[in-house]
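Below is one structure; the comments refer to it alone.
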There are 2 protein chains.
Amino acid sequence: MQLKAGSDLVRRQNRAVVIAALRRSATMSRTDLCAATALSPSTVSAITSDFLNEGVLAEQREFEPSGSRRGRPQIAIGLAPARAYVVSVELTHNQLSVGVSDYTGKAICELDQRFSTAACSGEDLLVRCTQLIRMALSNAGVEQPASIVMAVQGRTDAEGRDLLWSPIAAGRNVHLADYLQGEFGCPVTVANDCSMIAVALRWLEPDRYGKDCLAVLLSHGIGMGLYLNGRLFAGRSSSAAEFGHMLYKHNGALCRCGSRGCIEAYAGDYAIWRAAHGLPDDALPPVELSGLDMRTLARKARQSDGPERRAYREAAEAIGTGLASLFALTDPVPIAFVGSGTAAFDICEPYIRACISESNSGGFDAHFEHELFEFELPLIRQGATVTALLAVDEQVASGPENVSGRDVSILEVA
Amino acid sequence: MQLKAGSDLVRRQNRAVVIAALRRSATMSRTDLCAATALSPSTVSAITSDFLNEGVLAEQREFEPSGSRRGRPQIAIGLAPARAYVVSVELTHNQLSVGVSDYTGKAICELDQRFSTAACSGEDLLVRCTQLIRMALSNAGVEQPASIVMAVQGRTDAEGRDLLWSPIAAGRNVHLADYLQGEFGCPVTVANDCSMIAVALRWLEPDRYGKDCLAVLLSHGIGMGLYLNGRLFAGRSSSAAEFGHMLYKHNGALCRCGSRGCIEAYAGDYAIWRAAHGLPDDALPPVELSGLDMRTLARKARQSDGPERRAYREAAEAIGTGLASLFALTDPVPIAFVGSGTAAFDICEPYIRACISESNSGGFDAHFEHELFEFELPLIRQGATVTALLAVDEQVASGPENVSGRDVSILEVA
DNA sequence: ACTCTTTATTTCGAGTGCCGAAAAAAATAG
DNA sequence: CTATTTTTTTCGGCACTCGAAATAAAGAGT
């Protein structure tokens, strides 16, 4: 049931509204804020004044309003960069990345580290993360981060605290959030990488992806992040949304996850490679696949109707069948295909669309828009950073209660 | 973005909290309300006093508190039955039902009408609904309903206004809500029948189904209603959640919806019957199936490993594959299987469970609880009634502004 | 029968927050 | 140097919640 409300909740909500407006457009006047939030000038004045005292906002005198009109000039206000620093961590195949951003979202420092993730135990992971984050913070000159969001390829628990399982590392049930929280003394959230891609797309293109956004990652494995009706789709007890592990064929090909017949077992890079080389469908390819390997495969598939094209066709039909099933549940949604697999999307697209239009239950429009993004990392980082910033915003909106020095500032004012 | 808040919002919220508490337990004292809502006695007093004036609540003197303790006795308050009357309408295969309930949720009148829905145009449907509702209202002695919720087997638009497509009637894009709203002058919502089953189960067993609830209707067709993380799952542009039309087999059996390979084309009664009789999988059975037909089929399937058992097995694997795919997206969720098809669930269950445990992506627990409900209609009606009542609650909570007679009541008080 | 105790509910005063209107501030136009 | 225009702040009023005190309505004890 819903909870009771009080006047404190009203203030928190309106503070949040003001911050949200300023996060969207870096700099606004109080008048702009009135228009954007529908709050009265008095209220905007009160809230911004509080925020200026708390160091959340800063006046930006240098911002001369372009066309100098009559009347008192507007004072530009923006988020104060130094109010908080956030950290994004991305764990992908054989790479760990860390980014540090200020409170306005500007990147201050980005570090990458490459190593074999497959050999990585949970313990290793924790240590490597801690080290790389420390180095990045030190490079950025930041003592204390305000929020850390870690995007992982794999499944997390529903609360975003543990990495339950990952195809790229050996560790299971790694308590990432608790450990990092202990190390860095700030809130930590662990999220699925594809969810972060969806967050980024929503943030970057709200008109197209604001309400509904399906991000499908095509690479060694298959991942998905979904916003439906403006909310992140997540499972009951985990991040779930494991599109790649929807059941495509009963008793089908062997998947990395240990099950049989998953979509990924046909559409992941390793599955396409396996099929194209005529290996049995329960063989896991022993080698790491390079981008070159896959480009070669795609080229052959385009050239002639041989085993390579058959492999891509099977991959496309697995994806198409999965999307058809997904769309039976969600209706068609604008899709962003992301990752190295998009390089062969021209081969797959007709088969994918055929599958979907074949299954337009109830005779409805099976059409969907799509976009391709070759590189996933920048999107994942942007999504993680945005998520971290929004977490800080929430804390900031809820007031300066817990901030040490609050009493002091009252004394200072007096 | 979130909207600004004001003190009116606080009042609305707290009014809503009070109503919600009283809807759960029919009768409470003001002290009970303090405990249940965490509001202060002053606030509860103010809000209940308003509600008594508005005719939303009524004191119930007859309710003697069981063990007569010391001290001033509590005064029991409850929802005032006559505050509003709601109508639920259920359209299922060859049957239209209407129920009228008072504001406490007590059923006042229920009417059924049987006719061939298949032959029914949109126009016919509107007229029949109107007539049956009028008759029920007249029987119940109700002049003006406050809310109507109509549950239909089929797909509605996302706003709950139109019946886009239904397997049981010929009409398409029937503007049910607008028409009935014009006829009866109150808010009307059109919802999917299985969603209403999920609503009912959540309402009846909040411990089991409060957060997550999957209702699967097994009958002539296959339907689904899903609550995930406490929210009704719905599509981007329609009610969607068309589990029965997830793609089970590429280029598979012909479905009622016109597509091929849908789960329903293997697991609906007609599909089982078709397969058991060795008909081609693109034949639609010409006859209406009786309950007896299906019971006979199930008996034969239990007796020997013939075509009947194969048909049920295929049905079970279609359902199991669908659930496995669904659970890849949502994690396993407690399921209620509902409808006549549950009579043969003993035959299907092992195959269904086998499919699901085969596809436990990431090695997680594929276990799910389930319950069987043979009759769907009572659940659909309960769900629709609850939905209608909650809609009235929302309107009541938002205050007496628009209620005619508000000014009069002020005069009366003065 | 009367008073004491206990529990429930209402009333009152203070605090917080929003808003509209008026005032103050800070520029340009003439 | 004044009038005008626009932005921002200040002030008074209103709605709401809350804690504390007051009131109401019983049973318990003598």
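Labels used: A, B, ... for chains in the order of the structure tokens, numbers from 1 for residues in each chain, and numbers from 1 for ligands as shown.
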
>> Give me the residues near range 20-29 of chain A as a list in words, where near means some atom within 7 Å (using only C-alpha atoms (C1' of nucleotides)) and where sequence neighbours in that chain fewer than 2 positions away do not count.
In response: Ala16, Val17, Val18, Thr31, Asp32, Leu33, Ala36, Gln74, Ile75, Ala76, Ile77, Gly78 and Leu79 of chain A

Take the residues just selected and output them with C-alpha atoms as a CSV table (one decimal), in the first residue's frame.
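As written to disk, part01.csv reads:
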chain,number,residue,atom,x,y,z
A,16,ALA,CA,13.9,16.7,-7.1
A,17,VAL,CA,12.0,18.4,-9.8
A,18,VAL,CA,14.3,21.3,-9.8
A,31,THR,CA,12.5,32.1,-14.5
A,32,ASP,CA,13.3,29.2,-16.7
A,33,LEU,CA,12.9,26.9,-13.8
A,36,ALA,CA,10.0,24.1,-16.6
A,74,GLN,CA,18.6,36.5,-15.7
A,75,ILE,CA,21.1,34.8,-13.5
A,76,ALA,CA,22.2,31.5,-14.9
A,77,ILE,CA,22.3,28.6,-12.4
A,78,GLY,CA,23.8,25.2,-12.9
A,79,LEU,CA,24.7,22.1,-11.0

>> as a list in words, please: the residues near DT7 in chain C (cut-off 8 Å, only C-alpha atoms (C1' of nucleotides), same-chain neighbours under 2 positions excluded).
In response: Arg70, Gly71, Arg72 and Pro73 of chain B

> For Leu390 in chain A, which of A:Leu111, A:Thr189, A:Asp207, A:Ser68 is the closest residue, counting only C-alpha atoms?
Replying inline: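 Result for the nearest residue to Leu390 in chain A: A:Thr189.
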
> Using the chain letters and numbers from this document, which residues of range 238-410 of chain B does DSSP assign to strand (DSSP E), as a list in words?
Replying inline: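 In range 238-410 of chain B, DSSP puts these residues in strand (DSSP E): Ile335, Ala336, Phe337, Val338, His370, Glu371, Leu372 and Phe373 of chain B.
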
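Residues in contact range of Ala391 in chain B, defined as at most 8 Å between only C-alpha atoms (C1' of nucleotides), with sequence neighbours fewer than 4 positions away removed, read Ser147, Thr387 and Gln395 of chain B.
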
Output N, CA and C atoms of each residue in that selection to a file, as an mmCIF file, in the first residue's frame.
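selection.cif was written with the following content:
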data_model
loop_
_atom_site.group_PDB
_atom_site.id
_atom_site.type_symbol
_atom_site.label_atom_id
_atom_site.label_comp_id
_atom_site.auth_asym_id
_atom_site.auth_seq_id
_atom_site.Cartn_x
_atom_site.Cartn_y
_atom_site.Cartn_z
ATOM 1 N N SER B 147 -18.522 3.550 -11.861
ATOM 2 C CA SER B 147 -17.385 3.063 -12.631
ATOM 3 C C SER B 147 -17.764 1.725 -13.252
ATOM 4 N N THR B 387 -10.948 -3.695 -9.624
ATOM 5 C CA THR B 387 -10.401 -2.618 -10.450
ATOM 6 C C THR B 387 -11.349 -1.423 -10.485
ATOM 7 N N GLN B 395 -10.799 8.439 -7.350
ATOM 8 C CA GLN B 395 -11.596 9.643 -7.578
ATOM 9 C C GLN B 395 -12.052 10.230 -6.241
#

>> With only C-alpha atoms (C1' of nucleotides) as the counted atoms, please give the residues lying no more than 8 Å from Ala318 in chain A, apart from itself and same-chain residues fewer than 6 positions off, as an MDAnalysis selection string.
In response: chainID A and resid 248 263 266:267

> Looking only at the backbone, which of the residues in range 45-133 of chain B does DSSP tag as alpha helix (DSSP H), as a PyMOL selection string?
Replying inline: chain B and resi 45-54+122-133

Go ahead and dump the residues you just picked, N, CA and C atoms, as a PDB file, in the first residue's frame.
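This went into selection-v6.pdb:
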ATOM      1  N   SER B  45      -8.412  11.999  12.399  1.00  0.00           N
ATOM      2  CA  SER B  45      -9.679  12.596  12.793  1.00  0.00           C
ATOM      3  C   SER B  45     -10.178  13.561  11.723  1.00  0.00           C
ATOM      4  N   ALA B  46      -9.281  14.389  11.238  1.00  0.00           N
ATOM      5  CA  ALA B  46      -9.676  15.376  10.233  1.00  0.00           C
ATOM      6  C   ALA B  46     -10.167  14.691   8.960  1.00  0.00           C
ATOM      7  N   ILE B  47      -9.410  13.700   8.525  1.00  0.00           N
ATOM      8  CA  ILE B  47      -9.754  13.055   7.256  1.00  0.00           C
ATOM      9  C   ILE B  47     -11.051  12.259   7.373  1.00  0.00           C
ATOM     10  N   THR B  48     -11.194  11.489   8.456  1.00  0.00           N
ATOM     11  CA  THR B  48     -12.427  10.698   8.581  1.00  0.00           C
ATOM     12  C   THR B  48     -13.631  11.623   8.738  1.00  0.00           C
ATOM     13  N   SER B  49     -13.432  12.723   9.435  1.00  0.00           N
ATOM     14  CA  SER B  49     -14.546  13.653   9.582  1.00  0.00           C
ATOM     15  C   SER B  49     -14.996  14.192   8.219  1.00  0.00           C
ATOM     16  N   ASP B  50     -14.022  14.545   7.370  1.00  0.00           N
ATOM     17  CA  ASP B  50     -14.381  14.960   6.011  1.00  0.00           C
ATOM     18  C   ASP B  50     -15.155  13.856   5.296  1.00  0.00           C
ATOM     19  N   PHE B  51     -14.618  12.645   5.387  1.00  0.00           N
ATOM     20  CA  PHE B  51     -15.233  11.529   4.669  1.00  0.00           C
ATOM     21  C   PHE B  51     -16.662  11.270   5.148  1.00  0.00           C
ATOM     22  N   LEU B  52     -16.872  11.412   6.449  1.00  0.00           N
ATOM     23  CA  LEU B  52     -18.231  11.208   6.958  1.00  0.00           C
ATOM     24  C   LEU B  52     -19.177  12.248   6.359  1.00  0.00           C
ATOM     25  N   ASN B  53     -18.704  13.490   6.289  1.00  0.00           N
ATOM     26  CA  ASN B  53     -19.535  14.532   5.677  1.00  0.00           C
ATOM     27  C   ASN B  53     -19.800  14.261   4.205  1.00  0.00           C
ATOM     28  N   GLU B  54     -18.786  13.738   3.532  1.00  0.00           N
ATOM     29  CA  GLU B  54     -18.927  13.493   2.099  1.00  0.00           C
ATOM     30  C   GLU B  54     -19.716  12.222   1.808  1.00  0.00           C
ATOM     31  N   GLY B 122     -19.203  -5.759 -33.837  1.00  0.00           N
ATOM     32  CA  GLY B 122     -18.929  -4.772 -32.794  1.00  0.00           C
ATOM     33  C   GLY B 122     -20.214  -4.092 -32.351  1.00  0.00           C
ATOM     34  N   GLU B 123     -21.009  -3.743 -33.333  1.00  0.00           N
ATOM     35  CA  GLU B 123     -22.302  -3.084 -33.069  1.00  0.00           C
ATOM     36  C   GLU B 123     -23.153  -3.935 -32.120  1.00  0.00           C
ATOM     37  N   ASP B 124     -23.322  -5.230 -32.474  1.00  0.00           N
ATOM     38  CA  ASP B 124     -24.092  -6.163 -31.645  1.00  0.00           C
ATOM     39  C   ASP B 124     -23.599  -6.135 -30.205  1.00  0.00           C
ATOM     40  N   LEU B 125     -22.281  -6.171 -30.076  1.00  0.00           N
ATOM     41  CA  LEU B 125     -21.667  -6.266 -28.760  1.00  0.00           C
ATOM     42  C   LEU B 125     -22.041  -5.058 -27.917  1.00  0.00           C
ATOM     43  N   LEU B 126     -21.941  -3.897 -28.522  1.00  0.00           N
ATOM     44  CA  LEU B 126     -22.261  -2.665 -27.793  1.00  0.00           C
ATOM     45  C   LEU B 126     -23.703  -2.708 -27.299  1.00  0.00           C
ATOM     46  N   VAL B 127     -24.600  -3.130 -28.190  1.00  0.00           N
ATOM     47  CA  VAL B 127     -26.013  -3.145 -27.830  1.00  0.00           C
ATOM     48  C   VAL B 127     -26.280  -4.156 -26.722  1.00  0.00           C
ATOM     49  N   ARG B 128     -25.733  -5.346 -26.882  1.00  0.00           N
ATOM     50  CA  ARG B 128     -25.958  -6.384 -25.863  1.00  0.00           C
ATOM     51  C   ARG B 128     -25.413  -5.960 -24.504  1.00  0.00           C
ATOM     52  N   CYS B 129     -24.226  -5.397 -24.504  1.00  0.00           N
ATOM     53  CA  CYS B 129     -23.653  -4.935 -23.234  1.00  0.00           C
ATOM     54  C   CYS B 129     -24.579  -3.909 -22.594  1.00  0.00           C
ATOM     55  N   THR B 130     -24.944  -2.916 -23.376  1.00  0.00           N
ATOM     56  CA  THR B 130     -25.791  -1.848 -22.839  1.00  0.00           C
ATOM     57  C   THR B 130     -27.056  -2.426 -22.231  1.00  0.00           C
ATOM     58  N   GLN B 131     -27.705  -3.322 -22.976  1.00  0.00           N
ATOM     59  CA  GLN B 131     -28.961  -3.883 -22.485  1.00  0.00           C
ATOM     60  C   GLN B 131     -28.766  -4.646 -21.180  1.00  0.00           C
ATOM     61  N   LEU B 132     -27.737  -5.492 -21.161  1.00  0.00           N
ATOM     62  CA  LEU B 132     -27.565  -6.326 -19.970  1.00  0.00           C
ATOM     63  C   LEU B 132     -27.175  -5.465 -18.761  1.00  0.00           C
ATOM     64  N   ILE B 133     -26.358  -4.479 -18.985  1.00  0.00           N
ATOM     65  CA  ILE B 133     -25.983  -3.589 -17.880  1.00  0.00           C
ATOM     66  C   ILE B 133     -27.222  -2.852 -17.369  1.00  0.00           C
TER      67      ILE B 133
END

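The space between C1' of DG27 in chain D and C1' of DC4 in chain C spans 10.5 Å.
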
> Closest to chain A among B:Ala198, B:Ile19, B:Leu326, B:Ala170, using only C-alpha atoms?
Replying inline: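 Selected residue with least distance to chain A: B:Leu326.
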
>> Distance cut-off 7 Å, counting only C-alpha atoms - which residues of chain A neighbour chain B? Return them as a VMD selection string.
In response: chain A and resid 2 to 7 10 13 to 14 17 37 39 165 228 to 229 234 to 237 240 to 243 245 to 247 257 259 to 260 321 324 to 325 328 to 331 358 to 362

Dump of C-alpha atoms for the selected residues, as a tab-separated table (two decimals), in the first residue's frame:
chain	number	residue	atom	x	y	z
A	2	GLN	CA	1.02	3.58	-0.55
A	3	LEU	CA	2.67	5.51	2.25
A	4	LYS	CA	1.47	8.58	4.05
A	5	ALA	CA	2.68	11.99	2.96
A	6	GLY	CA	3.79	15.06	4.86
A	7	SER	CA	5.11	18.47	3.99
A	10	VAL	CA	6.45	17.88	-0.83
A	13	GLN	CA	9.66	16.17	-4.47
A	14	ASN	CA	9.98	19.78	-5.57
A	17	VAL	CA	11.97	18.38	-9.81
A	37	THR	CA	8.68	22.94	-13.25
A	39	LEU	CA	6.50	25.94	-9.49
A	165	TRP	CA	26.51	-15.20	-12.71
A	228	LEU	CA	8.75	-0.58	-21.11
A	229	ASN	CA	6.25	2.16	-20.43
A	234	ALA	CA	13.71	-6.42	-14.46
A	235	GLY	CA	12.97	-9.84	-13.09
A	236	ARG	CA	11.45	-10.89	-9.84
A	237	SER	CA	14.65	-11.91	-8.13
A	240	ALA	CA	16.87	-11.14	-15.64
A	241	ALA	CA	15.65	-9.90	-19.04
A	242	GLU	CA	17.92	-12.61	-20.40
A	243	PHE	CA	16.82	-12.42	-23.98
A	245	HIS	CA	18.59	-17.33	-22.89
A	246	MET	CA	15.02	-17.48	-24.02
A	247	LEU	CA	14.35	-21.00	-25.22
A	257	CYS	CA	25.14	-21.05	-19.79
A	259	SER	CA	21.42	-25.11	-21.02
A	260	ARG	CA	20.38	-26.18	-24.47
A	321	THR	CA	11.84	-15.82	-33.11
A	324	ALA	CA	8.54	-12.19	-32.11
A	325	SER	CA	7.88	-13.83	-28.76
A	328	ALA	CA	3.83	-10.82	-28.32
A	329	LEU	CA	4.36	-9.73	-24.73
A	330	THR	CA	5.36	-6.10	-25.20
A	331	ASP	CA	4.22	-5.03	-28.69
A	358	GLU	CA	5.09	-13.95	-39.69
A	359	SER	CA	3.99	-13.80	-36.08
A	360	ASN	CA	1.91	-10.67	-35.87
A	361	SER	CA	-0.66	-12.01	-33.48
A	362	GLY	CA	-4.08	-10.57	-34.02

Between chain C and chain A, at 7 Å or less, what are the per-residue closest atom pairs and their distances in Å? Count only C-alpha atoms (C1' of nucleotides), order by chain and rising residue number, and return it as a tab-separated table.
residue	atom	partner	partner_atom	distance
C:DT16	C1'	A:Ser7	CA	6.4
C:DG17	C1'	A:Ser7	CA	6.3
C:DC18	C1'	A:Thr43	CA	6.9
C:DC19	C1'	A:Ser40	CA	6.6
C:DA26	C1'	A:Arg72	CA	4.5
C:DA27	C1'	A:Arg72	CA	4.4
C:DT28	C1'	A:Arg70	CA	4.7

Go ahead and save the picked residues with C-alpha atoms (C1' of nucleotides), as a short mmCIF file (atom, residue, chain, number, x, y, z; two decimals), in the first residue's frame.
data_model
loop_
_atom_site.label_atom_id
_atom_site.label_comp_id
_atom_site.auth_asym_id
_atom_site.auth_seq_id
_atom_site.Cartn_x
_atom_site.Cartn_y
_atom_site.Cartn_z
"C1'" DT C 16 6.46 23.73 7.31
"C1'" DG C 17 5.56 24.56 2.60
"C1'" DC C 18 3.20 26.53 -1.33
"C1'" DC C 19 1.30 30.43 -3.68
"C1'" DA C 26 19.05 45.48 -12.15
"C1'" DA C 27 19.23 46.17 -16.55
"C1'" DT C 28 17.77 49.10 -21.21
#

> Which chain D residues are at most 9 Å from chain B (counting only C-alpha atoms (C1' of nucleotides)), as a PyMOL selection string?
Replying inline: chain D and resi 15-19+24-28

> Distance CA of Ser88 in chain B-CA of Ile335 in chain B, one decimal place?
Replying inline: 24.4 Å
